[in-house]
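What follows is the content of final11.json (JSON, C-alpha atoms and all ligand atoms).
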```
[["chain", "number", "residue", "atom", "x", "y", "z"],
["A", 1, "MET", "CA", 93.59, 104.46, 85.60],
["A", 2, "THR", "CA", 90.47, 103.26, 87.38],
["A", 3, "VAL", "CA", 89.33, 104.31, 90.81],
["A", 4, "ALA", "CA", 89.96, 100.79, 92.04],
["A", 5, "ASP", "CA", 93.51, 101.13, 90.79],
["A", 6, "ASN", "CA", 94.07, 104.12, 92.99],
["A", 7, "VAL", "CA", 93.09, 102.85, 96.40],
["A", 8, "THR", "CA", 94.61, 100.71, 99.07],
["A", 9, "THR", "CA", 92.44, 98.64, 101.32],
["A", 10, "VAL", "CA", 93.29, 99.38, 104.91],
["A", 11, "THR", "CA", 92.53, 96.55, 107.23],
["A", 12, "ALA", "CA", 90.16, 97.83, 109.83],
["A", 13, "GLY", "CA", 90.95, 97.50, 113.52],
["A", 14, "ALA", "CA", 89.40, 94.85, 115.72],
["A", 15, "GLY", "CA", 85.72, 95.44, 116.16],
["A", 16, "ASP", "CA", 85.21, 97.29, 112.89],
["A", 17, "SER", "CA", 82.79, 95.58, 110.59],
["A", 18, "ALA", "CA", 84.19, 96.53, 107.19],
["A", 19, "PRO", "CA", 87.61, 97.54, 105.93],
["A", 20, "ALA", "CA", 87.94, 101.25, 105.24],
["A", 21, "VAL", "CA", 89.02, 102.18, 101.75],
["A", 22, "ARG", "CA", 91.06, 105.31, 101.46],
["A", 23, "PRO", "CA", 92.59, 106.85, 98.36],
["A", 24, "ASP", "CA", 96.32, 106.55, 97.92],
["A", 25, "VAL", "CA", 98.06, 109.89, 98.32],
["A", 26, "VAL", "CA", 101.51, 108.54, 97.43],
["A", 27, "ARG", "CA", 102.38, 105.96, 94.79],
["A", 28, "VAL", "CA", 105.97, 105.06, 94.09],
["A", 29, "ASP", "CA", 106.70, 102.49, 91.40],
["A", 30, "ASP", "CA", 110.09, 100.93, 90.76],
["A", 31, "LEU", "CA", 111.92, 104.11, 91.71],
["A", 32, "VAL", "CA", 115.62, 104.17, 90.92],
["A", 33, "LYS", "CA", 117.92, 107.07, 91.75],
["A", 34, "THR", "CA", 121.59, 107.09, 90.94],
["A", 35, "PHE", "CA", 124.18, 109.77, 91.65],
["A", 36, "ASP", "CA", 127.65, 110.41, 90.28],
["A", 37, "ASN", "CA", 126.94, 109.05, 86.80],
["A", 38, "GLY", "CA", 125.46, 105.85, 88.12],
["A", 39, "ARG", "CA", 128.28, 105.05, 90.55],
["A", 40, "VAL", "CA", 125.99, 105.52, 93.57],
["A", 41, "ARG", "CA", 122.65, 103.74, 93.49],
["A", 42, "ALA", "CA", 120.79, 105.49, 96.30],
["A", 43, "LEU", "CA", 117.37, 103.98, 95.50],
["A", 44, "ASP", "CA", 117.13, 100.67, 93.76],
["A", 45, "GLY", "CA", 113.64, 99.70, 92.60],
["A", 46, "VAL", "CA", 111.52, 101.10, 95.44],
["A", 47, "SER", "CA", 107.74, 100.58, 95.20],
["A", 48, "PHE", "CA", 104.99, 101.32, 97.73],
["A", 49, "ARG", "CA", 101.68, 103.11, 98.13],
["A", 50, "VAL", "CA", 100.45, 105.19, 101.01],
["A", 51, "PRO", "CA", 96.74, 105.62, 101.73],
["A", 52, "GLU", "CA", 95.45, 108.89, 103.12],
["A", 53, "GLY", "CA", 95.88, 109.29, 106.85],
["A", 54, "GLN", "CA", 98.58, 106.68, 107.24],
["A", 55, "LEU", "CA", 101.46, 107.30, 109.64],
["A", 56, "MET", "CA", 104.35, 105.65, 107.90],
["A", 57, "VAL", "CA", 107.85, 105.54, 109.27],
["A", 58, "ILE", "CA", 110.70, 104.90, 106.85],
["A", 59, "ILE", "CA", 113.36, 103.18, 108.79],
["A", 60, "GLY", "CA", 116.92, 102.36, 107.84],
["A", 61, "LEU", "CA", 120.54, 102.88, 108.73],
["A", 62, "SER", "CA", 122.41, 105.99, 107.72],
["A", 63, "GLY", "CA", 122.98, 105.92, 103.95],
["A", 64, "SER", "CA", 120.09, 103.54, 103.25],
["A", 65, "GLY", "CA", 118.28, 106.11, 101.07],
["A", 66, "LYS", "CA", 115.67, 107.65, 103.41],
["A", 67, "SER", "CA", 116.38, 111.31, 102.62],
["A", 68, "THR", "CA", 116.70, 110.62, 98.91],
["A", 69, "LEU", "CA", 113.31, 108.92, 98.94],
["A", 70, "LEU", "CA", 111.56, 111.74, 100.82],
["A", 71, "ARG", "CA", 113.09, 114.33, 98.50],
["A", 72, "HIS", "CA", 111.46, 112.61, 95.52],
["A", 73, "LEU", "CA", 108.02, 113.11, 97.01],
["A", 74, "ASN", "CA", 108.08, 116.88, 96.75],
["A", 75, "GLY", "CA", 110.13, 117.01, 93.58],
["A", 76, "LEU", "CA", 113.43, 118.08, 95.13],
["A", 77, "HIS", "CA", 114.92, 115.03, 93.38],
["A", 78, "LEU", "CA", 113.72, 113.60, 90.08],
["A", 79, "PRO", "CA", 113.86, 109.85, 89.47],
["A", 80, "THR", "CA", 116.54, 108.32, 87.32],
["A", 81, "SER", "CA", 113.78, 105.88, 86.39],
["A", 82, "GLY", "CA", 110.44, 104.80, 87.80],
["A", 83, "GLU", "CA", 107.33, 106.74, 88.74],
["A", 84, "VAL", "CA", 106.40, 108.97, 91.66],
["A", 85, "GLN", "CA", 102.85, 110.16, 92.03],
["A", 86, "VAL", "CA", 101.84, 112.38, 94.96],
["A", 87, "LEU", "CA", 98.29, 113.66, 95.50],
["A", 88, "GLY", "CA", 97.56, 112.77, 91.90],
["A", 89, "THR", "CA", 100.53, 114.71, 90.51],
["A", 90, "ASP", "CA", 103.09, 112.83, 88.45],
["A", 91, "VAL", "CA", 106.14, 114.43, 90.04],
["A", 92, "ARG", "CA", 108.53, 113.32, 87.34],
["A", 93, "HIS", "CA", 106.66, 115.02, 84.54],
["A", 94, "ALA", "CA", 105.10, 117.92, 86.44],
["A", 95, "GLY", "CA", 105.77, 121.46, 85.28],
["A", 96, "ARG", "CA", 106.91, 124.21, 87.61],
["A", 97, "LYS", "CA", 103.41, 125.41, 88.33],
["A", 98, "ASP", "CA", 102.15, 121.93, 89.18],
["A", 99, "LEU", "CA", 105.11, 121.35, 91.46],
["A", 100, "ARG", "CA", 104.50, 124.66, 93.20],
["A", 101, "LEU", "CA", 100.87, 123.75, 93.77],
["A", 102, "LEU", "CA", 101.84, 120.30, 95.01],
["A", 103, "ARG", "CA", 104.39, 121.72, 97.45],
["A", 104, "ARG", "CA", 101.69, 123.84, 99.05],
["A", 105, "ASP", "CA", 100.06, 120.61, 100.15],
["A", 106, "ILE", "CA", 103.26, 119.04, 101.46],
["A", 107, "GLY", "CA", 104.86, 120.15, 104.70],
["A", 108, "PHE", "CA", 108.48, 119.28, 105.36],
["A", 109, "VAL", "CA", 110.03, 118.93, 108.81],
["A", 110, "PHE", "CA", 113.82, 118.90, 108.76],
["A", 111, "GLN", "CA", 116.37, 117.38, 111.10],
["A", 112, "GLN", "CA", 117.93, 120.82, 111.64],
["A", 113, "PHE", "CA", 114.55, 122.58, 112.18],
["A", 114, "ASN", "CA", 115.21, 125.26, 109.51],
["A", 115, "VAL", "CA", 113.57, 128.01, 111.54],
["A", 116, "VAL", "CA", 114.84, 131.58, 111.25],
["A", 117, "GLY", "CA", 116.52, 132.17, 114.59],
["A", 118, "ARG", "CA", 116.42, 135.97, 114.60],
["A", 119, "LEU", "CA", 112.65, 136.00, 114.00],
["A", 120, "THR", "CA", 110.06, 135.57, 116.73],
["A", 121, "CYS", "CA", 108.30, 132.23, 117.02],
["A", 122, "ILE", "CA", 105.04, 133.66, 115.72],
["A", 123, "GLU", "CA", 106.80, 135.08, 112.65],
["A", 124, "ASN", "CA", 108.26, 131.68, 111.89],
["A", 125, "VAL", "CA", 104.87, 130.06, 112.27],
["A", 126, "LEU", "CA", 103.12, 132.71, 110.17],
["A", 127, "SER", "CA", 105.59, 132.11, 107.35],
["A", 128, "GLY", "CA", 103.94, 128.70, 106.98],
["A", 129, "ALA", "CA", 100.94, 130.53, 105.47],
["A", 130, "LEU", "CA", 103.01, 132.35, 102.82],
["A", 131, "GLY", "CA", 102.28, 129.75, 100.13],
["A", 132, "ARG", "CA", 98.61, 130.74, 100.34],
["A", 133, "LEU", "CA", 99.23, 134.50, 100.27],
["A", 134, "ARG", "CA", 100.23, 136.97, 97.60],
["A", 135, "GLY", "CA", 103.35, 139.05, 98.04],
["A", 136, "PRO", "CA", 105.96, 139.22, 100.81],
["A", 137, "ARG", "CA", 105.28, 139.91, 104.48],
["A", 138, "PHE", "CA", 107.51, 141.75, 106.94],
["A", 139, "GLY", "CA", 106.81, 141.16, 110.61],
["A", 140, "ALA", "CA", 103.83, 139.58, 112.31],
["A", 141, "THR", "CA", 101.64, 142.68, 111.96],
["A", 142, "SER", "CA", 101.74, 142.42, 108.16],
["A", 143, "TYR", "CA", 99.59, 139.27, 108.43],
["A", 144, "SER", "CA", 95.85, 139.43, 109.05],
["A", 145, "LYS", "CA", 94.47, 139.18, 112.55],
["A", 146, "ALA", "CA", 92.86, 135.85, 111.67],
["A", 147, "LEU", "CA", 96.20, 134.41, 110.60],
["A", 148, "ARG", "CA", 97.89, 135.68, 113.75],
["A", 149, "ARG", "CA", 95.17, 134.07, 115.82],
["A", 150, "ASP", "CA", 95.67, 130.82, 113.91],
["A", 151, "ALA", "CA", 99.45, 131.02, 114.42],
["A", 152, "ILE", "CA", 98.98, 131.39, 118.18],
["A", 153, "MET", "CA", 96.64, 128.43, 118.10],
["A", 154, "GLN", "CA", 99.22, 126.30, 116.28],
["A", 155, "LEU", "CA", 101.85, 127.36, 118.82],
["A", 156, "ASP", "CA", 99.43, 126.43, 121.58],
["A", 157, "ARG", "CA", 99.03, 122.94, 120.08],
["A", 158, "VAL", "CA", 102.77, 122.40, 120.32],
["A", 159, "GLY", "CA", 102.84, 123.84, 123.86],
["A", 160, "LEU", "CA", 104.56, 127.14, 123.04],
["A", 161, "ALA", "CA", 101.83, 129.80, 122.94],
["A", 162, "ASP", "CA", 103.60, 131.68, 125.73],
["A", 163, "ARG", "CA", 106.74, 131.95, 123.60],
["A", 164, "ALA", "CA", 105.04, 133.51, 120.57],
["A", 165, "TRP", "CA", 106.88, 136.85, 120.79],
["A", 166, "GLN", "CA", 110.25, 135.44, 121.82],
["A", 167, "ARG", "CA", 113.17, 135.22, 119.38],
["A", 168, "THR", "CA", 113.28, 131.65, 118.12],
["A", 169, "ASP", "CA", 117.02, 131.22, 118.63],
["A", 170, "THR", "CA", 116.56, 131.70, 122.38],
["A", 171, "LEU", "CA", 114.62, 128.41, 122.54],
["A", 172, "SER", "CA", 116.02, 124.92, 123.09],
["A", 173, "GLY", "CA", 116.42, 122.50, 120.19],
["A", 174, "GLY", "CA", 113.27, 120.59, 121.05],
["A", 175, "GLN", "CA", 111.30, 123.83, 121.32],
["A", 176, "GLN", "CA", 112.65, 125.08, 117.98],
["A", 177, "GLN", "CA", 111.53, 121.85, 116.35],
["A", 178, "ARG", "CA", 108.08, 122.34, 117.86],
["A", 179, "VAL", "CA", 108.00, 125.84, 116.32],
["A", 180, "ALA", "CA", 108.90, 124.21, 112.99],
["A", 181, "ILE", "CA", 106.02, 121.76, 113.46],
["A", 182, "ALA", "CA", 103.62, 124.64, 114.20],
["A", 183, "ARG", "CA", 104.84, 126.36, 111.02],
["A", 184, "THR", "CA", 104.13, 123.18, 109.07],
["A", 185, "LEU", "CA", 100.62, 122.91, 110.55],
["A", 186, "MET", "CA", 100.02, 126.56, 109.64],
["A", 187, "GLN", "CA", 100.62, 125.56, 106.04],
["A", 188, "LYS", "CA", 97.52, 123.25, 106.19],
["A", 189, "PRO", "CA", 99.32, 120.45, 104.37],
["A", 190, "ARG", "CA", 97.74, 117.16, 103.35],
["A", 191, "ILE", "CA", 101.03, 115.32, 103.71],
["A", 192, "VAL", "CA", 103.90, 115.90, 106.10],
["A", 193, "LEU", "CA", 107.34, 114.61, 105.21],
["A", 194, "ALA", "CA", 109.66, 114.56, 108.20],
["A", 195, "ASP", "CA", 113.29, 113.67, 107.63],
["A", 196, "GLU", "CA", 114.77, 112.40, 110.89],
["A", 197, "PRO", "CA", 112.98, 115.13, 112.84],
["A", 198, "VAL", "CA", 114.43, 114.08, 116.19],
["A", 199, "ALA", "CA", 117.95, 113.04, 115.17],
["A", 200, "SER", "CA", 119.45, 116.17, 116.75],
["A", 201, "LEU", "CA", 117.58, 115.80, 120.05],
["A", 202, "ASP", "CA", 118.19, 113.76, 123.15],
["A", 203, "PRO", "CA", 115.97, 110.72, 123.80],
["A", 204, "GLU", "CA", 113.45, 112.22, 126.21],
["A", 205, "ILE", "CA", 112.93, 115.31, 124.06],
["A", 206, "SER", "CA", 112.71, 113.08, 120.97],
["A", 207, "GLY", "CA", 109.71, 111.29, 122.43],
["A", 208, "GLN", "CA", 107.97, 114.59, 123.21],
["A", 209, "VAL", "CA", 108.57, 115.99, 119.74],
["A", 210, "MET", "CA", 107.37, 112.79, 118.06],
["A", 211, "GLU", "CA", 104.25, 112.91, 120.17],
["A", 212, "VAL", "CA", 103.50, 116.52, 119.21],
["A", 213, "LEU", "CA", 104.15, 115.87, 115.52],
["A", 214, "PHE", "CA", 102.13, 112.68, 115.19],
["A", 215, "GLN", "CA", 99.30, 113.73, 117.48],
["A", 216, "CYS", "CA", 98.72, 116.97, 115.54],
["A", 217, "CYS", "CA", 98.82, 115.12, 112.23],
["A", 218, "ILE", "CA", 96.29, 112.58, 113.50],
["A", 219, "GLU", "CA", 94.00, 115.43, 114.60],
["A", 220, "ASP", "CA", 94.26, 117.14, 111.20],
["A", 221, "ASN", "CA", 94.05, 113.89, 109.18],
["A", 222, "ILE", "CA", 97.46, 114.56, 107.67],
["A", 223, "THR", "CA", 99.31, 111.65, 106.08],
["A", 224, "VAL", "CA", 102.81, 111.32, 107.53],
["A", 225, "LEU", "CA", 105.96, 109.87, 106.03],
["A", 226, "CYS", "CA", 108.68, 110.21, 108.62],
["A", 227, "SER", "CA", 112.19, 108.83, 108.40],
["A", 228, "LEU", "CA", 113.89, 107.62, 111.54],
["A", 229, "HIS", "CA", 116.71, 105.33, 112.38],
["A", 230, "GLN", "CA", 115.58, 104.36, 115.88],
["A", 231, "VAL", "CA", 113.36, 101.31, 115.73],
["A", 232, "ASP", "CA", 111.68, 101.79, 119.10],
["A", 233, "LEU", "CA", 110.58, 105.35, 118.28],
["A", 234, "ALA", "CA", 109.17, 104.07, 115.01],
["A", 235, "LEU", "CA", 107.23, 101.32, 116.76],
["A", 236, "GLY", "CA", 105.75, 103.79, 119.20],
["A", 237, "TRP", "CA", 104.20, 105.96, 116.52],
["A", 238, "ALA", "CA", 103.92, 104.40, 113.11],
["A", 239, "ASN", "CA", 101.03, 102.35, 111.88],
["A", 240, "ARG", "CA", 103.28, 101.10, 109.12],
["A", 241, "LEU", "CA", 107.01, 100.54, 108.79],
["A", 242, "LEU", "CA", 108.89, 100.68, 105.51],
["A", 243, "GLY", "CA", 112.44, 99.45, 105.96],
["A", 244, "LEU", "CA", 115.22, 100.45, 103.56],
["A", 245, "ARG", "CA", 118.61, 98.85, 103.21],
["A", 246, "ASP", "CA", 121.05, 99.94, 100.51],
["A", 247, "GLY", "CA", 118.25, 101.64, 98.60],
["A", 248, "GLN", "CA", 115.92, 98.65, 98.59],
["A", 249, "VAL", "CA", 112.74, 97.95, 100.52],
["A", 250, "VAL", "CA", 113.54, 95.09, 102.89],
["A", 251, "LEU", "CA", 110.48, 95.42, 105.10],
["A", 252, "ASP", "CA", 106.94, 96.70, 104.62],
["A", 253, "SER", "CA", 104.88, 95.89, 107.65],
["A", 254, "PRO", "CA", 101.84, 97.17, 109.49],
["A", 255, "VAL", "CA", 102.56, 97.99, 113.10],
["A", 256, "ASP", "CA", 100.05, 96.73, 115.55],
["A", 257, "THR", "CA", 100.02, 95.88, 119.18],
["A", 258, "SER", "CA", 100.89, 92.27, 118.36],
["A", 259, "LEU", "CA", 104.38, 93.24, 117.26],
["A", 260, "ASP", "CA", 106.19, 91.08, 119.78],
["A", 261, "GLU", "CA", 109.88, 90.89, 120.57],
["A", 262, "ASP", "CA", 110.56, 88.27, 117.89],
["A", 263, "ARG", "CA", 109.08, 90.51, 115.23],
["A", 264, "VAL", "CA", 111.11, 93.46, 116.53],
["A", 265, "MET", "CA", 114.27, 91.36, 116.32],
["A", 266, "GLU", "CA", 113.29, 90.49, 112.77],
["A", 267, "VAL", "CA", 113.05, 94.23, 111.97],
["A", 268, "TYR", "CA", 116.60, 94.67, 113.30],
["A", 269, "ARG", "CA", 117.84, 91.73, 111.23],
["A", 270, "ARG", "CA", 116.30, 93.04, 108.04],
["A", 271, "LEU", "CA", 117.84, 96.49, 108.48],
["A", 272, "ASP", "CA", 121.23, 95.28, 109.64],
["A", 273, "PRO", "CA", 121.80, 91.57, 108.97],
["A", 274, "THR", "CA", 125.26, 91.51, 110.56],
["A", 275, "GLY", "CA", 124.22, 93.46, 113.66],
["A", 276, "GLU", "CA", 127.28, 95.68, 113.31],
["A", 277, "LYS", "CA", 125.36, 98.94, 113.58],
["A", 278, "ALA", "CA", 123.12, 98.16, 116.54],
["A", 279, "ASP", "CA", 124.03, 101.45, 118.24],
["A", 280, "GLU", "CA", 122.49, 103.40, 115.41],
["A", 281, "TYR", "CA", 118.96, 102.04, 115.68],
["A", 282, "GLN", "CA", 118.71, 100.94, 119.30],
["A", 283, "GLY", "CA", 119.73, 104.24, 120.82],
["A", 284, "HIS", "CA", 116.42, 105.47, 122.16],
["A", 285, "ASN", "CA", 115.25, 102.86, 124.63],
["A", 286, "GLY", "CA", 112.59, 104.05, 126.99],
["A", 287, "THR", "CA", 110.85, 106.50, 124.64],
["A", 288, "ARG", "CA", 108.33, 104.09, 123.21],
["A", 289, "ALA", "CA", 105.22, 104.96, 125.08],
["A", 290, "PRO", "CA", 102.95, 107.51, 123.47],
["A", 291, "SER", "CA", 100.29, 108.81, 125.82],
["A", 292, "VAL", "CA", 97.72, 108.24, 123.10],
["A", 293, "ASP", "CA", 97.88, 105.21, 120.87],
["A", 294, "PRO", "CA", 97.66, 106.57, 117.29],
["A", 295, "ARG", "CA", 96.60, 103.17, 116.00],
["A", 296, "THR", "CA", 93.34, 103.26, 117.85],
["A", 297, "SER", "CA", 92.51, 106.94, 117.53],
["A", 301, "LIG", "N1", 123.59, 114.42, 96.18],
["A", 301, "LIG", "C1", 124.22, 113.23, 96.29],
["A", 301, "LIG", "N2", 125.30, 112.95, 95.55],
["A", 301, "LIG", "C2", 125.93, 111.75, 95.64],
["A", 301, "LIG", "N3", 125.51, 110.76, 96.47],
["A", 301, "LIG", "C3", 124.43, 110.98, 97.23],
["A", 301, "LIG", "C4", 123.73, 112.23, 97.18],
["A", 301, "LIG", "N4", 122.70, 112.17, 98.06],
["A", 301, "LIG", "C5", 122.75, 110.94, 98.62],
["A", 301, "LIG", "N5", 123.80, 110.24, 98.14],
["A", 301, "LIG", "C6", 124.14, 108.85, 98.50],
["A", 301, "LIG", "O1", 122.99, 108.08, 98.40],
["A", 301, "LIG", "C7", 122.91, 107.12, 99.45],
["A", 301, "LIG", "C8", 121.66, 107.33, 100.27],
["A", 301, "LIG", "O2", 121.77, 108.57, 100.96],
["A", 301, "LIG", "P1", 120.63, 109.19, 101.86],
["A", 301, "LIG", "O3", 119.36, 109.19, 101.10],
["A", 301, "LIG", "O4", 121.13, 110.51, 102.34],
["A", 301, "LIG", "O5", 120.53, 108.14, 103.05],
["A", 301, "LIG", "P2", 119.89, 108.32, 104.51],
["A", 301, "LIG", "O6", 119.03, 109.52, 104.50],
["A", 301, "LIG", "O7", 119.15, 107.05, 104.75],
["A", 301, "LIG", "O8", 121.04, 108.46, 105.45],
["A", 301, "LIG", "C9", 124.19, 107.28, 100.25],
["A", 301, "LIG", "O9", 125.14, 106.37, 99.74],
["A", 301, "LIG", "C10", 124.60, 108.70, 99.93],
["A", 301, "LIG", "O10", 125.99, 108.85, 100.05],
["A", 302, "MG", "MG", 119.12, 111.21, 105.71]]
```

Now that the file is in, can you turn its structure into structure tokens?
Amino acid sequence: MTVADNVTTVTAGAGDSAPAVRPDVVRVDDLVKTFDNGRVRALDGVSFRVPEGQLMVIIGLSGSGKSTLLRHLNGLHLPTSGEVQVLGTDVRHAGRKDLRLLRRDIGFVFQQFNVVGRLTCIENVLSGALGRLRGPRFGATSYSKALRRDAIMQLDRVGLADRAWQRTDTLSGGQQQRVAIARTLMQKPRIVLADEPVASLDPEISGQVMEVLFQCCIEDNITVLCSLHQVDLALGWANRLLGLRDGQVVLDSPVDTSLDEDRVMEVYRRLDPTGEKADEYQGHNGTRAPSVDPRTS
């Protein structure tokens, strides 16, 4: 493979003189995944590449294959056929050690937060550093002072420094997801995979959590692949949309400020040609207004 083979040209924003060339951190080629002896075809020939620093939202109705796709990127699923390469690692053929090393560089944010409720917030956040440490840790004081300071800083970034020593299960859903984001940042990942991170939250809180997640990833130059089913939330944050329908890519589009109403309607049509499931993807009106535009920062 040549260097030229491994890069995607990112069109520079208005005013920039030359296009920036960034290495691809994810390459997926003709990925097929079947379940139940081939009866379910969850992914059906999916191909795309993601350059470093991109904020990509994978959008699609429930059952379109979003979770299955994300789970291939950290080796939780292996392809039935096709290739998946992440940060230079061929996930399909990687050994255990290579997968373990790869997973250190990939943070995962879950729909259901996956924080440990009986632990304090700082303990949950500190556990994000475990992949870099040797041996188990019990309680915040078993981590170094520097790590504790870093954990507080990550909590501060998500607006929860004052909750550091509080049990995590005493927090609201949106706050627990922000603790989970701080834990992911503590991991120092190069890629964050977020699988419907706001699906359990109400619309206003969803907007806040998306803002915290994307803003922190922009600051840390982390590439994001985030699945969502609400189109307006995706438009507010992504700089690229990948649309899935029945396991196939039906849309792969940059998001820019010129995305007018006609184009948005076209996104809806691609995801749901009959319009029968409009409730599923139009449910978050009013949350599309990030305080900072990620496309220009
Ligand atoms: N472990 C599994 N066993 C059988 N079928 C599965 C499994 N995981 C996902 N599927 C099926 O694959 C398709 C895509 O599912 P999924 O990736 O969860 O979609 P989404 O995350 O977009 O809702 C669905 O038809 C789902 O029922
Ligand atoms: Mg899913």

### Task
Determine, counting all atoms listed in the file, which protein, DNA and RNA residues have an atom within 12 Å of an atom of A:Arg149; residues of the same chain fewer than 4 positions away are not included. Present the result as an NGL selection string.
:A and (122 or 125-126 or 140-141 or 143-145 or 153-156 or 161 or 164 or 186)

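The gap separating atom CA of A:Leu271 from atom CA of A:Leu43 is 15.0 Å, in Å to one decimal.
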
### One-decimal distance in Å that lies between atom CA of A:Arg27 and atom CA of A:Leu233
24.9 Å

### Query
What does the distance between atom CA of A:Asp272 and atom CA of A:Ser64 come to in Å, to one decimal place?
10.5 Å

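For the choices A:Phe110, A:Phe48, A:Trp237, A:Phe138, the atom-to-atom distance to ligand LIG 301 (chain A) is smallest for A:Phe110 when using all atoms listed in the file.
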
### Task
Tell me which of A:Asn221, A:Gln215, A:Thr34, A:Gln112 sits closest to ligand LIG 301 (chain A), counting only C-alpha atoms and all ligand atoms.
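Once distances to ligand LIG 301 (chain A) are computed over only C-alpha atoms and all ligand atoms, the minimum belongs to A:Thr34.
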
Set out as a Markdown table a contact list for chain A and ligand MG 302 (chain A) with a cut-off of 8 Å, giving each residue of chain A that qualifies its closest atom pair and distance in Å to one decimal, counting only C-alpha atoms and all ligand atoms, ordered by chain and rising residue number.
```
| residue | atom | partner | partner_atom | distance |
| --- | --- | --- | --- | --- |
| A:Ser62 | CA | A:MG302 | MG | 6.5 |
| A:Gly63 | CA | A:MG302 | MG | 6.8 |
| A:Gly65 | CA | A:MG302 | MG | 6.9 |
| A:Lys66 | CA | A:MG302 | MG | 5.5 |
| A:Ser67 | CA | A:MG302 | MG | 4.1 |
| A:Thr68 | CA | A:MG302 | MG | 7.2 |
| A:Asp195 | CA | A:MG302 | MG | 6.6 |
| A:Glu196 | CA | A:MG302 | MG | 6.9 |
| A:Ser227 | CA | A:MG302 | MG | 7.8 |
```

### Message
Under the rule that only C-alpha atoms are counted, which of A:Ala199, A:Leu244, A:Thr80, A:Gly275 is the nearest residue to A:Val40?
### Response
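Smallest distance to A:Val40 is found for A:Thr80.
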
### Query
With distances taken over all atoms listed in the file, which of A:Gly53, A:Pro254, A:Pro189, A:Gly207 is nearest to A:Arg132?
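Of the candidates, the smallest distance to A:Arg132 is held by A:Pro189.
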
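Residues with any atom within 8 Å of A:Arg240, counting all atoms listed in the file and excluding same-chain neighbours fewer than 2 positions away, are Gln54, Leu55, Met56, Val57, Ala238, Leu242, Asp252, Ser253, Pro254 and Val255 of chain A.
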
### Task
Determine the nearest neighbour of A:Val209 from the options A:Glu123, A:Arg270, A:Phe113, A:Thr170, counting all atoms listed in the file.
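Smallest separation from A:Val209 among the options: A:Phe113.
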
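Minimum distance to A:Asp279 across A:Asp105, A:Asp169, A:His229, A:Asp36 (counting only C-alpha atoms) occurs at A:His229.
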
List as an mmCIF file with C-alpha atoms, in the frame of the given file the protein and nucleic acid residues near A:Val84, meaning an atom at most 7 Å away when all atoms listed in the file are counted, but skip any in the same chain fewer than 6 places from it.
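Just written: around.cif:
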```cif
data_model
loop_
_atom_site.group_PDB
_atom_site.id
_atom_site.type_symbol
_atom_site.label_atom_id
_atom_site.label_comp_id
_atom_site.auth_asym_id
_atom_site.auth_seq_id
_atom_site.Cartn_x
_atom_site.Cartn_y
_atom_site.Cartn_z
ATOM 1 C CA ARG A 27 102.380 105.960 94.790
ATOM 2 C CA VAL A 28 105.970 105.060 94.090
ATOM 3 C CA ASP A 29 106.700 102.490 91.400
ATOM 4 C CA LEU A 73 108.020 113.110 97.010
ATOM 5 C CA ASP A 90 103.090 112.830 88.450
ATOM 6 C CA VAL A 91 106.140 114.430 90.040
ATOM 7 C CA ARG A 92 108.530 113.320 87.340
#
```

### Task
Name all residues at most 9 Å from stretch 264-266 of chain A (count only C-alpha atoms; drop same-chain ones fewer than 6 positions away) and give them as a ChimeraX atom specification.
/A:231-232,235

### Query
Is there a way to get, as a count of residues only, all residues within 10 Å of the point (109.6, 133.2, 106.1) in file coordinates, counting all atoms listed in the file?
16

### Message
Neighbouring residues of A:Gly173 were defined as those with any atom within 12 Å, considering all atoms listed in the file; residues of the same chain fewer than 6 positions away were excluded. Please report them as a PyMOL selection string.
### Response
chain A and resi 111-115+117+179-180+197-202+205-206+208-209

Provide stretch 171-179 of chain A rebuilt to N, CA and C atoms, formatted as a PDB file, in the frame of the given file.
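The result, written out as rebuild01.pdb:
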```pdb
ATOM      1  N   LEU A 171     115.288 129.637 122.080  1.00  0.00           N
ATOM      2  CA  LEU A 171     114.620 128.410 122.540  1.00  0.00           C
ATOM      3  C   LEU A 171     115.569 127.215 122.440  1.00  0.00           C
ATOM      4  N   SER A 172     115.243 126.166 123.168  1.00  0.00           N
ATOM      5  CA  SER A 172     116.020 124.920 123.090  1.00  0.00           C
ATOM      6  C   SER A 172     115.761 124.234 121.751  1.00  0.00           C
ATOM      7  N   GLY A 173     116.588 123.230 121.444  1.00  0.00           N
ATOM      8  CA  GLY A 173     116.420 122.500 120.190  1.00  0.00           C
ATOM      9  C   GLY A 173     115.037 121.872 120.038  1.00  0.00           C
ATOM     10  N   GLY A 174     114.582 121.236 121.104  1.00  0.00           N
ATOM     11  CA  GLY A 174     113.270 120.590 121.050  1.00  0.00           C
ATOM     12  C   GLY A 174     112.159 121.608 120.845  1.00  0.00           C
ATOM     13  N   GLN A 175     112.311 122.772 121.494  1.00  0.00           N
ATOM     14  CA  GLN A 175     111.300 123.830 121.320  1.00  0.00           C
ATOM     15  C   GLN A 175     111.341 124.388 119.898  1.00  0.00           C
ATOM     16  N   GLN A 176     112.536 124.563 119.359  1.00  0.00           N
ATOM     17  CA  GLN A 176     112.650 125.080 117.980  1.00  0.00           C
ATOM     18  C   GLN A 176     112.002 124.104 116.992  1.00  0.00           C
ATOM     19  N   GLN A 177     112.167 122.804 117.254  1.00  0.00           N
ATOM     20  CA  GLN A 177     111.530 121.850 116.350  1.00  0.00           C
ATOM     21  C   GLN A 177     110.019 121.906 116.489  1.00  0.00           C
ATOM     22  N   ARG A 178     109.536 122.212 117.701  1.00  0.00           N
ATOM     23  CA  ARG A 178     108.080 122.340 117.860  1.00  0.00           C
ATOM     24  C   ARG A 178     107.561 123.590 117.139  1.00  0.00           C
ATOM     25  N   VAL A 179     108.374 124.663 117.112  1.00  0.00           N
ATOM     26  CA  VAL A 179     108.000 125.840 116.320  1.00  0.00           C
ATOM     27  C   VAL A 179     107.920 125.444 114.836  1.00  0.00           C
TER      28      VAL A 179
END
```
